[in-house]
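Engineer: Sending over a structure as structure tokens; questions will come in a sec.
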Amino acid sequence: MKRKIISLALAGTALVATSAYAEDVTLTIESWRNDDLTLWQDKIIPAFEAEHPGIKVKFTPSAPAEYNAVLNSKLDAGSAGDLITCRPFDASLALFDAGHLADLDDMEAMGNFSDVAKSAWQTDDGSASFCVPMASVIHGFIYNKDAFAELGIEVPTTEAEFFAALDTIKEDGSYIPMAMGTNDQWEAATMGYNNIGPNYWKGEEGRLALIKGEQKLTDPQWVAPYATLAKWGGYLGDGYEAQTYPDSQNLFTLGRAAVYPAGSWEISGFNALVDFEMGAFKPPVQNAGDTCYISDHTDIGIGMNAKTANPEAAKTFLSWVASPEFASIFGNALPGFFPLSSTPVELEDPLAKEIVGWRGECESTIRSTYQILSRGTPNLENDTWGASVAAIKGTSTPEELGQKLQNGLASWYAPQQ
């Protein structure tokens, strides 16, 4: 009996100690996703704290355009948060190489993700993983279902059907066929070239061949998407050259444009603004029956500050982020950001369900310029922005653009020399 009393006393002491320790732990998250502040405060953090009393979490985002600079300044000053929201590939790899992000390979929860999901936050040789994958975004086209019904347009599956639909919209004149501008440049590459391109270079097959030096940017499969983009200019409406990204969003959500070349991250914002029913279609294939490829781009992860004073609590949080519970909360609270954990998540938003369903119909890949190929100068990602704009405006031929990009890449990247 005495031994039992002592054991209970020790257990009680341990609980008090754990509780006291836990009550002192507050984890701070650095992020660029300031649009998600309410989601974290109202849904994600309360769910975690309910299961882990004593570990408090603060979500402290910066403005997206300033995030990299702000984060690096904080890390250098030793004032960064315990948890670091990770952009994919080189930006986060640089943080790991600089000793700012901890290696998370010893976390059992990392087994909840495929190698493809983890690849955006690993060393080139895959020997270290430094961020827990959170979500990807998928590219395609969002369209106004009311406009399509009004004009009797079927959802296109081939490029011929796609351009026939745009011709019908243009001839009717009630709607701008497609809402996209070239003023900000990145949209032309992200929602243009890397949206339709995977159907030409066969997704991962072409992307990895480019990294290995087995294909070149002057090869037909890399040049042809620019020829297709050259056709887009006639459907983007008057003044598209000066049209900004927010302008394009407004044109579509106000019902003035019928089609929007999209990333799935638009869904939640569009849901709050449109008064018409939306649908989505995959990047059209060149010929009926062709294998389809989608850009299912690993977009956001979260890692641990290597200098956090609370590594155990931080890993507890990261393990929870890797769980099906987090995936379900995140995927449904932020439709269009698709969880990357191996456990399937039942999504509620109809447009998000439609888009994520493409994973079962098409081969998935990521944006061609993001891994390894944009580390040098000139930067291939940024040059692809300019090339995509030039293709749409018709200021350079597709062949000229391919040659310029190839020359730039070959000037610093050994496998392409």
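Ordering of the structure tokens sets the chain letters (A, B, ...); residue numbers start at 1 within each chain; ligands are numbered from 1 in the order shown.
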Can you pull out the residues contacting region 401-407 of chain A? Cut-off 9 Å, using only C-alpha atoms, and skip same-chain residues under 6 positions away; I want them as a list of chain:residue names.

Structural biologist: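 Close residues of region 401-407 of chain A: A:Lys216, A:Leu217, A:Thr218, A:Asp219, A:Trp222, A:Val223, A:Tyr226, A:Pro378, A:Leu380, A:Asp383, A:Thr384, A:Ala387, A:Ser388, A:Ala390, A:Ala391, A:Gln416.
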
Engineer: Give one line per residue of region 136-174 of chain A that approaches region 249-262 of chain A to at most 8 Å, naming the two atoms of the closest pair and their distance in Å to one decimal, counting only C-alpha atoms; sort by chain then ascending residue number and deliver it as CSV.

Structural biologist:
residue,atom,partner,partner_atom,distance
A:His139,CA,A:Ala262,CA,5.8
A:Gly140,CA,A:Ala262,CA,5.5
A:Phe141,CA,A:Pro261,CA,4.5
A:Ile142,CA,A:Tyr260,CA,5.2
A:Tyr143,CA,A:Val259,CA,4.4
A:Asn144,CA,A:Ala258,CA,5.1
A:Ala147,CA,A:Ala258,CA,6.1
A:Phe148,CA,A:Ala258,CA,7.5
A:Ile169,CA,A:Ala258,CA,7.6
A:Ser174,CA,A:Arg256,CA,7.8

Engineer: Let me see the file: selected residues, all heavy atoms, as a PDB file, in the first residue's frame.

Structural biologist:
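Full text of part-v6.pdb as output:
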ATOM      1  N   HIS A 139      -3.400  23.604 -60.914  1.00  0.00           N
ATOM      2  CA  HIS A 139      -3.716  24.555 -61.978  1.00  0.00           C
ATOM      3  C   HIS A 139      -4.733  23.994 -62.965  1.00  0.00           C
ATOM      4  O   HIS A 139      -4.801  22.780 -63.185  1.00  0.00           O
ATOM      5  CB  HIS A 139      -2.446  24.943 -62.726  1.00  0.00           C
ATOM      6  CG  HIS A 139      -1.521  25.784 -61.904  1.00  0.00           C
ATOM      7  ND1 HIS A 139      -1.835  27.074 -61.551  1.00  0.00           N
ATOM      8  CD2 HIS A 139      -0.333  25.516 -61.331  1.00  0.00           C
ATOM      9  CE1 HIS A 139      -0.865  27.571 -60.819  1.00  0.00           C
ATOM     10  NE2 HIS A 139       0.070  26.638 -60.659  1.00  0.00           N
ATOM     11  N   GLY A 140      -5.472  24.898 -63.551  1.00  0.00           N
ATOM     12  CA  GLY A 140      -6.458  24.553 -64.565  1.00  0.00           C
ATOM     13  C   GLY A 140      -7.203  25.817 -64.957  1.00  0.00           C
ATOM     14  O   GLY A 140      -6.625  26.913 -64.955  1.00  0.00           O
ATOM     15  N   PHE A 141      -8.483  25.692 -65.259  1.00  0.00           N
ATOM     16  CA  PHE A 141      -9.294  26.840 -65.659  1.00  0.00           C
ATOM     17  C   PHE A 141     -10.600  26.821 -64.871  1.00  0.00           C
ATOM     18  O   PHE A 141     -11.274  25.791 -64.797  1.00  0.00           O
ATOM     19  CB  PHE A 141      -9.599  26.792 -67.156  1.00  0.00           C
ATOM     20  CG  PHE A 141      -8.378  26.888 -68.022  1.00  0.00           C
ATOM     21  CD1 PHE A 141      -7.596  25.766 -68.290  1.00  0.00           C
ATOM     22  CD2 PHE A 141      -7.970  28.104 -68.548  1.00  0.00           C
ATOM     23  CE1 PHE A 141      -6.455  25.840 -69.067  1.00  0.00           C
ATOM     24  CE2 PHE A 141      -6.830  28.203 -69.329  1.00  0.00           C
ATOM     25  CZ  PHE A 141      -6.068  27.074 -69.595  1.00  0.00           C
ATOM     26  N   ILE A 142     -10.941  27.961 -64.275  1.00  0.00           N
ATOM     27  CA  ILE A 142     -12.236  28.127 -63.628  1.00  0.00           C
ATOM     28  C   ILE A 142     -13.129  28.874 -64.614  1.00  0.00           C
ATOM     29  O   ILE A 142     -12.681  29.811 -65.283  1.00  0.00           O
ATOM     30  CB  ILE A 142     -12.100  28.894 -62.299  1.00  0.00           C
ATOM     31  CG1 ILE A 142     -11.233  28.096 -61.314  1.00  0.00           C
ATOM     32  CG2 ILE A 142     -13.461  29.185 -61.686  1.00  0.00           C
ATOM     33  CD1 ILE A 142     -10.935  28.828 -60.012  1.00  0.00           C
ATOM     34  N   TYR A 143     -14.388  28.471 -64.715  1.00  0.00           N
ATOM     35  CA  TYR A 143     -15.263  29.120 -65.687  1.00  0.00           C
ATOM     36  C   TYR A 143     -16.619  29.451 -65.074  1.00  0.00           C
ATOM     37  O   TYR A 143     -17.035  28.898 -64.050  1.00  0.00           O
ATOM     38  CB  TYR A 143     -15.431  28.256 -66.938  1.00  0.00           C
ATOM     39  CG  TYR A 143     -16.233  26.981 -66.742  1.00  0.00           C
ATOM     40  CD1 TYR A 143     -17.586  26.919 -67.090  1.00  0.00           C
ATOM     41  CD2 TYR A 143     -15.636  25.823 -66.224  1.00  0.00           C
ATOM     42  CE1 TYR A 143     -18.315  25.752 -66.929  1.00  0.00           C
ATOM     43  CE2 TYR A 143     -16.354  24.655 -66.058  1.00  0.00           C
ATOM     44  CZ  TYR A 143     -17.691  24.620 -66.406  1.00  0.00           C
ATOM     45  OH  TYR A 143     -18.422  23.466 -66.234  1.00  0.00           O
ATOM     46  N   ASN A 144     -17.288  30.385 -65.725  1.00  0.00           N
ATOM     47  CA  ASN A 144     -18.623  30.831 -65.338  1.00  0.00           C
ATOM     48  C   ASN A 144     -19.639  29.885 -65.965  1.00  0.00           C
ATOM     49  O   ASN A 144     -19.866  29.919 -67.177  1.00  0.00           O
ATOM     50  CB  ASN A 144     -18.818  32.270 -65.826  1.00  0.00           C
ATOM     51  CG  ASN A 144     -20.158  32.868 -65.445  1.00  0.00           C
ATOM     52  OD1 ASN A 144     -21.153  32.150 -65.318  1.00  0.00           O
ATOM     53  ND2 ASN A 144     -20.188  34.182 -65.295  1.00  0.00           N
ATOM     54  N   ALA A 147     -22.479  31.543 -67.912  1.00  0.00           N
ATOM     55  CA  ALA A 147     -22.088  32.028 -69.237  1.00  0.00           C
ATOM     56  C   ALA A 147     -22.022  30.881 -70.242  1.00  0.00           C
ATOM     57  O   ALA A 147     -22.486  31.007 -71.384  1.00  0.00           O
ATOM     58  CB  ALA A 147     -20.740  32.743 -69.154  1.00  0.00           C
ATOM     59  N   PHE A 148     -21.459  29.764 -69.822  1.00  0.00           N
ATOM     60  CA  PHE A 148     -21.353  28.612 -70.725  1.00  0.00           C
ATOM     61  C   PHE A 148     -22.741  28.096 -71.099  1.00  0.00           C
ATOM     62  O   PHE A 148     -22.999  27.766 -72.262  1.00  0.00           O
ATOM     63  CB  PHE A 148     -20.518  27.496 -70.072  1.00  0.00           C
ATOM     64  CG  PHE A 148     -19.041  27.602 -70.332  1.00  0.00           C
ATOM     65  CD1 PHE A 148     -18.379  28.810 -70.179  1.00  0.00           C
ATOM     66  CD2 PHE A 148     -18.305  26.489 -70.726  1.00  0.00           C
ATOM     67  CE1 PHE A 148     -17.012  28.906 -70.417  1.00  0.00           C
ATOM     68  CE2 PHE A 148     -16.937  26.580 -70.975  1.00  0.00           C
ATOM     69  CZ  PHE A 148     -16.295  27.795 -70.819  1.00  0.00           C
ATOM     70  N   ILE A 169     -17.413  32.677 -77.394  1.00  0.00           N
ATOM     71  CA  ILE A 169     -17.572  33.740 -76.397  1.00  0.00           C
ATOM     72  C   ILE A 169     -17.223  35.099 -77.004  1.00  0.00           C
ATOM     73  O   ILE A 169     -17.935  36.094 -76.809  1.00  0.00           O
ATOM     74  CB  ILE A 169     -16.699  33.459 -75.167  1.00  0.00           C
ATOM     75  CG1 ILE A 169     -17.110  32.142 -74.509  1.00  0.00           C
ATOM     76  CG2 ILE A 169     -16.788  34.603 -74.160  1.00  0.00           C
ATOM     77  CD1 ILE A 169     -16.080  31.585 -73.533  1.00  0.00           C
ATOM     78  N   SER A 174     -20.774  39.221 -75.181  1.00  0.00           N
ATOM     79  CA  SER A 174     -21.314  39.523 -73.850  1.00  0.00           C
ATOM     80  C   SER A 174     -20.260  39.422 -72.752  1.00  0.00           C
ATOM     81  O   SER A 174     -20.406  40.028 -71.691  1.00  0.00           O
ATOM     82  CB  SER A 174     -22.471  38.563 -73.513  1.00  0.00           C
ATOM     83  OG  SER A 174     -23.502  38.653 -74.462  1.00  0.00           O
TER      84      SER A 174
END

Engineer: For Glu187 (chain A), list every protein, DNA or RNA residue within 9 Å, evaluated using only C-alpha atoms, and leave out those in the same chain fewer than 5 positions away; present the list as a PDB file with all heavy atoms, in the first residue's frame.

Structural biologist:
ATOM      1  N   MET A 180      -7.099  37.396 -68.000  1.00  0.00           N
ATOM      2  CA  MET A 180      -5.702  37.346 -67.562  1.00  0.00           C
ATOM      3  C   MET A 180      -4.968  38.513 -68.182  1.00  0.00           C
ATOM      4  O   MET A 180      -5.183  38.828 -69.363  1.00  0.00           O
ATOM      5  CB  MET A 180      -5.011  36.044 -67.941  1.00  0.00           C
ATOM      6  CG  MET A 180      -3.670  35.858 -67.211  1.00  0.00           C
ATOM      7  SD  MET A 180      -2.783  34.344 -67.677  1.00  0.00           S
ATOM      8  CE  MET A 180      -2.028  34.913 -69.208  1.00  0.00           C
ATOM      9  N   GLY A 181      -4.155  39.175 -67.389  1.00  0.00           N
ATOM     10  CA  GLY A 181      -3.340  40.266 -67.911  1.00  0.00           C
ATOM     11  C   GLY A 181      -1.878  39.887 -67.920  1.00  0.00           C
ATOM     12  O   GLY A 181      -1.485  38.838 -67.397  1.00  0.00           O
ATOM     13  N   THR A 182      -1.069  40.768 -68.500  1.00  0.00           N
ATOM     14  CA  THR A 182       0.373  40.505 -68.546  1.00  0.00           C
ATOM     15  C   THR A 182       1.180  41.553 -67.790  1.00  0.00           C
ATOM     16  O   THR A 182       2.409  41.516 -67.797  1.00  0.00           O
ATOM     17  CB  THR A 182       0.866  40.446 -70.009  1.00  0.00           C
ATOM     18  OG1 THR A 182       0.541  41.671 -70.674  1.00  0.00           O
ATOM     19  CG2 THR A 182       0.216  39.283 -70.754  1.00  0.00           C
ATOM     20  N   GLY A 192      -0.294  30.345 -67.186  1.00  0.00           N
ATOM     21  CA  GLY A 192      -0.218  30.122 -68.621  1.00  0.00           C
ATOM     22  C   GLY A 192       0.713  28.963 -68.933  1.00  0.00           C
ATOM     23  O   GLY A 192       0.300  27.811 -69.026  1.00  0.00           O
ATOM     24  N   TYR A 193       2.007  29.241 -69.049  1.00  0.00           N
ATOM     25  CA  TYR A 193       2.984  28.261 -69.508  1.00  0.00           C
ATOM     26  C   TYR A 193       3.015  27.000 -68.648  1.00  0.00           C
ATOM     27  O   TYR A 193       2.970  25.880 -69.162  1.00  0.00           O
ATOM     28  CB  TYR A 193       4.366  28.914 -69.535  1.00  0.00           C
ATOM     29  CG  TYR A 193       5.459  28.057 -70.151  1.00  0.00           C
ATOM     30  CD1 TYR A 193       5.506  27.852 -71.533  1.00  0.00           C
ATOM     31  CD2 TYR A 193       6.439  27.477 -69.359  1.00  0.00           C
ATOM     32  CE1 TYR A 193       6.512  27.081 -72.102  1.00  0.00           C
ATOM     33  CE2 TYR A 193       7.449  26.711 -69.923  1.00  0.00           C
ATOM     34  CZ  TYR A 193       7.480  26.510 -71.295  1.00  0.00           C
ATOM     35  OH  TYR A 193       8.469  25.737 -71.851  1.00  0.00           O
ATOM     36  N   TYR A 245      -3.014  41.549 -61.847  1.00  0.00           N
ATOM     37  CA  TYR A 245      -3.617  40.331 -61.280  1.00  0.00           C
ATOM     38  C   TYR A 245      -4.952  40.625 -60.584  1.00  0.00           C
ATOM     39  O   TYR A 245      -5.962  39.963 -60.865  1.00  0.00           O
ATOM     40  CB  TYR A 245      -2.596  39.697 -60.339  1.00  0.00           C
ATOM     41  CG  TYR A 245      -3.056  38.495 -59.556  1.00  0.00           C
ATOM     42  CD1 TYR A 245      -3.647  37.397 -60.176  1.00  0.00           C
ATOM     43  CD2 TYR A 245      -2.877  38.445 -58.178  1.00  0.00           C
ATOM     44  CE1 TYR A 245      -4.046  36.282 -59.440  1.00  0.00           C
ATOM     45  CE2 TYR A 245      -3.272  37.336 -57.434  1.00  0.00           C
ATOM     46  CZ  TYR A 245      -3.861  36.267 -58.071  1.00  0.00           C
ATOM     47  OH  TYR A 245      -4.255  35.170 -57.341  1.00  0.00           O
ATOM     48  N   PRO A 261      -7.884  31.524 -66.255  1.00  0.00           N
ATOM     49  CA  PRO A 261      -6.759  30.593 -66.062  1.00  0.00           C
ATOM     50  C   PRO A 261      -6.339  30.669 -64.595  1.00  0.00           C
ATOM     51  O   PRO A 261      -6.009  31.753 -64.114  1.00  0.00           O
ATOM     52  CB  PRO A 261      -5.673  31.136 -66.987  1.00  0.00           C
ATOM     53  CG  PRO A 261      -6.376  32.083 -67.921  1.00  0.00           C
ATOM     54  CD  PRO A 261      -7.527  32.627 -67.151  1.00  0.00           C
ATOM     55  N   ALA A 262      -6.363  29.532 -63.921  1.00  0.00           N
ATOM     56  CA  ALA A 262      -6.396  29.619 -62.466  1.00  0.00           C
ATOM     57  C   ALA A 262      -5.392  28.737 -61.753  1.00  0.00           C
ATOM     58  O   ALA A 262      -4.927  27.734 -62.283  1.00  0.00           O
ATOM     59  CB  ALA A 262      -7.793  29.247 -61.964  1.00  0.00           C
ATOM     60  N   TRP A 385       8.754  34.073 -66.903  1.00  0.00           N
ATOM     61  CA  TRP A 385       7.699  35.090 -66.830  1.00  0.00           C
ATOM     62  C   TRP A 385       7.742  35.964 -68.087  1.00  0.00           C
ATOM     63  O   TRP A 385       6.740  36.148 -68.776  1.00  0.00           O
ATOM     64  CB  TRP A 385       7.890  36.004 -65.618  1.00  0.00           C
ATOM     65  CG  TRP A 385       7.784  35.387 -64.277  1.00  0.00           C
ATOM     66  CD1 TRP A 385       7.637  34.059 -63.971  1.00  0.00           C
ATOM     67  CD2 TRP A 385       7.845  36.074 -63.025  1.00  0.00           C
ATOM     68  NE1 TRP A 385       7.598  33.877 -62.613  1.00  0.00           N
ATOM     69  CE2 TRP A 385       7.721  35.098 -61.996  1.00  0.00           C
ATOM     70  CE3 TRP A 385       7.982  37.410 -62.666  1.00  0.00           C
ATOM     71  CZ2 TRP A 385       7.739  35.444 -60.650  1.00  0.00           C
ATOM     72  CZ3 TRP A 385       7.995  37.748 -61.315  1.00  0.00           C
ATOM     73  CH2 TRP A 385       7.878  36.775 -60.325  1.00  0.00           C
ATOM     74  N   SER A 388       6.838  34.168 -71.359  1.00  0.00           N
ATOM     75  CA  SER A 388       5.413  33.892 -71.501  1.00  0.00           C
ATOM     76  C   SER A 388       4.647  35.149 -71.918  1.00  0.00           C
ATOM     77  O   SER A 388       3.729  35.087 -72.743  1.00  0.00           O
ATOM     78  CB  SER A 388       4.852  33.334 -70.190  1.00  0.00           C
ATOM     79  OG  SER A 388       5.521  32.139 -69.826  1.00  0.00           O
ATOM     80  N   VAL A 389       5.034  36.282 -71.350  1.00  0.00           N
ATOM     81  CA  VAL A 389       4.426  37.559 -71.752  1.00  0.00           C
ATOM     82  C   VAL A 389       4.740  37.859 -73.212  1.00  0.00           C
ATOM     83  O   VAL A 389       3.861  38.252 -73.991  1.00  0.00           O
ATOM     84  CB  VAL A 389       4.917  38.705 -70.843  1.00  0.00           C
ATOM     85  CG1 VAL A 389       4.500  40.058 -71.405  1.00  0.00           C
ATOM     86  CG2 VAL A 389       4.375  38.538 -69.431  1.00  0.00           C
TER      87      VAL A 389
END

Engineer: To one decimal place in Å, what is the distance between CA of Pro283 (chain A) and CA of Ile196 (chain A)?

Structural biologist: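 Computing it gives 5.5 Å between the two atoms.
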
Engineer: In terms of the shortest atom-to-atom distance over only C-alpha atoms, which of A:Glu204, A:Asp82, A:Glu399, A:Glu51 is closest to Pro225 (chain A)?

Structural biologist: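 Closest residue, counting only C-alpha atoms: A:Glu399.
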
Engineer: Go through A:Met304, A:Ala352, A:Ala117, A:Val70 one by one, measure the shortest atom-to-atom distance of each to Thr365 (chain A) using only C-alpha atoms, and give the residue with the smallest value.

Structural biologist: A:Ala117

Engineer: Just the number, please: distance in Å from CA of Gln221 (chain A) to CA of Lys202 (chain A), one decimal.

Structural biologist: 8.5 Å

Engineer: Using only C-alpha atoms, pick whichever of A:Ala120, A:Ala230, A:Val321, A:Leu334 has the shortest atom-to-atom distance to Asp35 (chain A).

Structural biologist: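 Distance minimum relative to Asp35 (chain A) lands on A:Leu334.
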
Engineer: Write out as a PyMOL selection string each polymer residue whose atoms come within 10 Å of Asn271 (chain A), counting only C-alpha atoms; drop sequence neighbours fewer than 4 positions from it.

Structural biologist: chain A and resi 253+266-267+275-278+335+349+351

Engineer: Let me see the file: selected residues, C-alpha atoms, as a short mmCIF file (atom, residue, chain, number, x, y, z; two decimals), in the first residue's frame.

Structural biologist:
data_model
loop_
_atom_site.label_atom_id
_atom_site.label_comp_id
_atom_site.auth_asym_id
_atom_site.auth_seq_id
_atom_site.Cartn_x
_atom_site.Cartn_y
_atom_site.Cartn_z
CA THR A 253 -15.78 37.62 -60.13
CA GLU A 266 -8.51 31.33 -55.86
CA ILE A 267 -11.45 29.18 -54.74
CA ASP A 275 -23.05 35.46 -57.67
CA PHE A 276 -22.90 32.77 -60.35
CA GLU A 277 -22.05 29.08 -60.31
CA MET A 278 -18.44 28.20 -61.04
CA PRO A 335 -10.58 25.07 -50.18
CA ASP A 349 -16.41 22.51 -51.35
CA LEU A 351 -15.23 23.26 -56.83
#
